[in-house]
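**Student:** Pasting final_21.txt here (compact mmCIF, C-alpha atoms):
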```txt
# COMPACT_ATOMS: atom_id res chain seq x y z
CA MET A 289 14.38 -3.22 -45.63
CA LYS A 290 15.18 -4.11 -42.03
CA LYS A 291 14.64 -0.47 -40.97
CA ILE A 292 11.22 -0.42 -42.64
CA LEU A 293 10.18 -3.65 -40.93
CA ASN A 294 11.40 -2.38 -37.54
CA SER A 295 9.54 0.93 -38.04
CA LEU A 296 6.39 -0.90 -39.05
CA LEU A 297 6.68 -3.22 -36.04
CA MET A 298 7.14 -0.25 -33.69
CA LEU A 299 4.11 1.47 -35.21
CA VAL A 300 1.94 -1.63 -34.75
CA LEU A 301 3.15 -2.12 -31.15
CA GLY A 302 2.54 1.54 -30.35
CA PHE A 303 -1.00 1.36 -31.70
CA ALA A 304 -1.65 -1.85 -29.75
CA LEU A 305 -0.48 -0.23 -26.51
CA LEU A 306 -2.64 2.85 -27.06
CA THR A 307 -5.78 0.87 -27.75
CA ALA A 308 -5.12 -1.60 -24.91
CA CYS A 309 -5.50 1.22 -22.38
CA SER A 310 -8.78 2.61 -23.70
CA ASP A 311 -11.86 3.27 -21.56
CA GLU A 312 -13.67 0.46 -23.36
CA ASP A 313 -11.70 -2.07 -21.31
CA HIS A 314 -13.79 -1.10 -18.27
CA THR A 315 -17.24 -1.08 -19.81
CA GLN A 316 -19.89 -3.22 -18.16
CA SER A 317 -23.34 -4.41 -19.16
CA LYS A 318 -26.21 -2.54 -17.56
CA PRO A 319 -26.92 -4.30 -14.25
CA ILE A 320 -30.33 -5.52 -13.22
CA TRP A 321 -30.57 -4.82 -9.52
CA GLU A 322 -33.66 -6.06 -7.72
CA VAL A 323 -34.59 -6.28 -4.06
CA ASP A 324 -35.86 -9.75 -3.15
CA THR A 325 -39.56 -9.07 -2.56
CA SER A 326 -40.12 -12.55 -1.12
CA ILE A 327 -38.24 -11.49 2.02
CA ASN A 328 -40.30 -9.73 4.67
CA PHE A 329 -37.87 -7.05 5.81
CA SER A 330 -38.88 -5.61 9.19
CA ALA A 331 -36.74 -2.44 9.21
CA THR A 332 -35.47 0.30 6.95
CA MET A 333 -32.69 2.84 6.88
CA THR A 334 -32.57 5.97 4.71
CA ALA A 335 -29.62 7.26 2.68
CA ILE A 336 -29.37 10.56 0.83
CA VAL A 337 -26.24 10.68 -1.32
CA ILE A 338 -24.60 12.56 -4.17
CA LEU A 339 -22.05 11.58 -6.77
CA PRO A 340 -18.47 12.84 -6.49
CA THR A 341 -17.63 15.94 -8.54
CA ASN A 342 -15.50 14.01 -11.06
CA LEU A 343 -18.54 11.96 -12.17
CA LEU A 344 -21.11 14.76 -12.38
CA GLU A 345 -20.23 15.76 -15.96
CA TYR A 346 -21.11 12.22 -17.15
CA ALA A 347 -24.26 11.82 -15.02
CA GLN A 348 -27.50 11.04 -16.83
CA ASP A 349 -31.07 10.75 -15.56
CA SER A 350 -30.97 7.11 -16.73
CA ASP A 351 -28.01 6.21 -14.45
CA LEU A 352 -28.60 3.57 -11.79
CA LEU A 353 -27.70 3.53 -8.12
CA ALA A 354 -28.29 0.62 -5.76
CA VAL A 355 -27.48 -0.07 -2.15
CA PHE A 356 -26.31 -3.41 -0.81
CA VAL A 357 -26.02 -5.04 2.58
CA GLY A 358 -23.25 -7.53 2.08
CA GLU A 359 -23.77 -8.88 -1.46
CA GLU A 360 -27.56 -8.49 -1.39
CA CYS A 361 -29.37 -5.62 -3.14
CA ARG A 362 -31.48 -3.86 -0.51
CA GLY A 363 -32.66 -0.77 -2.38
CA LYS A 364 -32.48 1.30 -5.54
CA GLY A 365 -31.85 5.01 -5.72
CA GLU A 366 -34.41 7.56 -6.79
CA LEU A 367 -32.83 10.57 -8.53
CA VAL A 368 -34.01 13.89 -7.12
CA LYS A 369 -33.01 17.29 -8.52
CA LYS A 370 -32.99 20.38 -6.33
CA GLY A 371 -31.70 23.39 -8.24
CA ASP A 372 -28.35 22.39 -9.70
CA THR A 373 -27.91 19.55 -7.20
CA ARG A 374 -28.61 15.95 -8.18
CA TYR A 375 -28.94 13.59 -5.27
CA TYR A 376 -30.24 10.10 -4.73
CA TYR A 377 -32.75 9.08 -2.10
CA LEU A 378 -32.61 5.41 -1.05
CA THR A 379 -34.61 3.30 1.34
CA ILE A 380 -32.43 0.44 2.56
CA LYS A 381 -34.36 -2.65 3.63
CA GLY A 382 -33.17 -4.86 6.46
CA PHE A 383 -34.01 -6.52 9.74
CA SER A 384 -34.31 -4.95 13.17
CA GLU A 385 -31.43 -7.03 14.58
CA GLU A 386 -29.19 -6.55 11.54
CA SER A 387 -25.95 -4.56 11.41
CA GLY A 388 -24.37 -5.67 8.11
CA LYS A 389 -22.05 -3.52 6.00
CA VAL A 390 -23.76 -1.10 3.61
CA SER A 391 -22.20 -0.35 0.20
CA PHE A 392 -23.34 1.32 -3.00
CA GLN A 393 -22.95 0.60 -6.70
CA TYR A 394 -23.44 3.20 -9.41
CA TYR A 395 -23.87 2.51 -13.11
CA ASN A 396 -23.14 5.36 -15.51
CA THR A 397 -25.18 4.81 -18.69
CA SER A 398 -23.30 7.31 -20.86
CA ARG A 399 -19.98 5.49 -20.41
CA SER A 400 -21.25 1.99 -19.44
CA PHE A 401 -19.06 2.10 -16.35
CA LEU A 402 -19.82 0.44 -13.02
CA PHE A 403 -18.53 1.99 -9.79
CA THR A 404 -18.62 0.76 -6.21
CA THR A 405 -17.97 2.24 -2.78
CA GLY A 406 -17.09 -0.75 -0.69
CA ALA A 407 -18.51 -0.68 2.86
CA VAL A 408 -19.39 2.86 3.99
CA THR A 409 -21.48 2.27 7.10
CA ASN A 410 -23.40 -0.42 8.97
CA PHE A 411 -27.12 -1.04 8.55
CA GLU A 412 -28.91 0.59 11.46
CA PRO A 413 -32.72 0.34 11.69
CA ASN A 414 -34.49 3.72 11.41
CA ALA A 415 -31.19 5.55 10.86
CA VAL A 416 -30.66 8.31 8.30
CA TRP A 417 -27.32 8.49 6.49
CA GLY A 418 -27.06 11.95 4.90
CA VAL A 419 -29.75 14.63 4.68
CA ILE A 420 -31.07 16.74 1.81
CA ASP A 421 -29.17 19.85 2.98
CA ASN A 422 -26.01 17.82 3.57
CA PRO A 423 -26.04 14.58 1.52
CA LYS A 424 -23.19 12.11 1.81
CA THR A 425 -20.78 12.14 -1.14
CA LEU A 426 -20.09 8.62 -2.38
CA ASN A 427 -16.43 7.70 -2.73
CA LEU A 428 -16.83 5.63 -5.90
CA VAL A 429 -14.14 3.57 -7.59
CA LEU A 430 -14.33 2.03 -11.04
CA VAL A 431 -15.02 -1.70 -11.18
CA GLU A 432 -12.47 -3.19 -13.56
```
Can the structure from this file be put into structure tokens for me?
**Tutor:**
Amino acid sequence: MKKILNSLLMLVLGFALLTACSDEDHTQSKPIWEVDTSINFSATMTAIVILPTNLLEYAQDSDLLAVFVGEECRGKGELVKKGDTRYYYLTIKGFSEESGKVSFQYYNTSRSFLFTTGAVTNFEPNAVWGVIDNPKTLNLVLVE
């Protein structure tokens, strides 16, 4: 009887460990990113970016990409397809004297995962970060 109870306990613990490490632990609600339209931004910066290869197989047209200066949403990505390439075009709003850290967040709708880049560059008025023929690849990490 003791062997049966030990086997049953091991089976239950094994199942608990397997399910505890599932992808569902990292799912996030779909974010609502909005640029504060009450602020009169005096400058813009452009970014043209692509997703890393490991995320392309999960990419959907309904995915979201936003750009932040500090913690503030300053733009949302527009998906553009050129042949087999999917890239995002973003206009980053800011101020002419500003130089805050720019970061990106990507929400994958098929998996309900949220990714972030951390700071990738500084806001620079009238600057272009990436171009259509050579977009910047985002180094995205899963938000846990």
**Student:** Using only C-alpha atoms, which protein or nucleic acid residues come within 7 Å of segment 392-401 of chain A? Drop anything in the same chain fewer than 2 positions from it, and give the result as a list in words.
**Tutor:**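 My list of contacting residues is His314, Thr315, Gln316, Ser317, Lys318, Tyr346, Ala347, Gln348, Ser350, Asp351, Leu352, Leu353, Ala354, Val355, Phe356, Phe403, Thr404, Thr405 and Gly406 of chain A.
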**Student:** Each residue of segment 363-428 of chain A lying at most 8 Å from segment 327-342 of chain A should get a row with its shortest atom-to-atom pair and the distance in Å to one decimal, counting all atoms listed in the file; could you produce that, ordered by chain and increasing number, as a Markdown table?
**Tutor:**
```
| residue | atom | partner | partner_atom | distance |
| --- | --- | --- | --- | --- |
| A:Arg374 | CA | A:Ile338 | CA | 6.6 |
| A:Tyr375 | CA | A:Ile338 | CA | 4.6 |
| A:Tyr376 | CA | A:Val337 | CA | 5.3 |
| A:Tyr377 | CA | A:Ile336 | CA | 4.7 |
| A:Leu378 | CA | A:Ala335 | CA | 5.1 |
| A:Thr379 | CA | A:Thr334 | CA | 4.8 |
| A:Ile380 | CA | A:Met333 | CA | 4.9 |
| A:Lys381 | CA | A:Thr332 | CA | 4.6 |
| A:Gly382 | CA | A:Ala331 | CA | 5.1 |
| A:Phe383 | CA | A:Ala331 | CA | 4.9 |
| A:Ser384 | CA | A:Ala331 | CA | 5.3 |
| A:Phe411 | CA | A:Met333 | CA | 7.0 |
| A:Glu412 | CA | A:Met333 | CA | 6.4 |
| A:Pro413 | CA | A:Met333 | CA | 5.4 |
| A:Asn414 | CA | A:Met333 | CA | 5.0 |
| A:Ala415 | CA | A:Met333 | CA | 5.0 |
| A:Val416 | CA | A:Thr334 | CA | 4.7 |
| A:Trp417 | CA | A:Ala335 | CA | 4.6 |
| A:Gly418 | CA | A:Ile336 | CA | 4.9 |
| A:Val419 | CA | A:Ile336 | CA | 5.6 |
| A:Ile420 | CA | A:Ile336 | CA | 6.5 |
| A:Pro423 | CA | A:Val337 | CA | 4.8 |
| A:Lys424 | CA | A:Val337 | CA | 4.6 |
| A:Thr425 | CA | A:Ile338 | CA | 4.9 |
| A:Leu426 | CA | A:Leu339 | CA | 5.6 |
| A:Asn427 | CA | A:Pro340 | CA | 6.7 |
| A:Leu428 | CA | A:Pro340 | CA | 7.4 |
```
**Student:** If we count only C-alpha atoms and set the cut-off at 8 Å, which residues sit around Asp324 of chain A, ignoring sequence neighbours fewer than 2 positions away in its own chain? Please answer as a list in words.
**Tutor:**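 Listing them by chain and then by number gives Glu322, Ser326, Ile327, Cys361 and Arg362 of chain A.
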**Student:** Quick one: pull the distance between atom CA of Asp421 of chain A and atom CA of Ser387 of chain A, Å, one decimal.
**Tutor:**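 Value for the atom CA of Asp421 of chain A-atom CA of Ser387 of chain A distance: 26.0 Å.
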**Student:** Please report the interatomic distance between atom CA of Val368 of chain A and atom CA of Asp349 of chain A in Å with one decimal.
**Tutor:**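 Atom CA of Val368 of chain A sits 9.5 Å away from atom CA of Asp349 of chain A.
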**Student:** Could you state the separation of atom CA of Ala407 of chain A and atom CA of Lys369 of chain A in Å, given to one decimal place?
**Tutor:**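 Here the two named atoms are 25.7 Å from each other.
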**Student:** So, counting only C-alpha atoms, which residue among A:Asn422, A:Glu432, A:Lys370, A:Ser391 is closest to Gly358 of chain A?
**Tutor:** A:Ser391
**Student:** I need the residue nearest Val390 of chain A from this list: A:Val323, A:Asp372, A:Val431, A:Val408. Use all atoms listed in the file for the distance.
**Tutor:** A:Val408
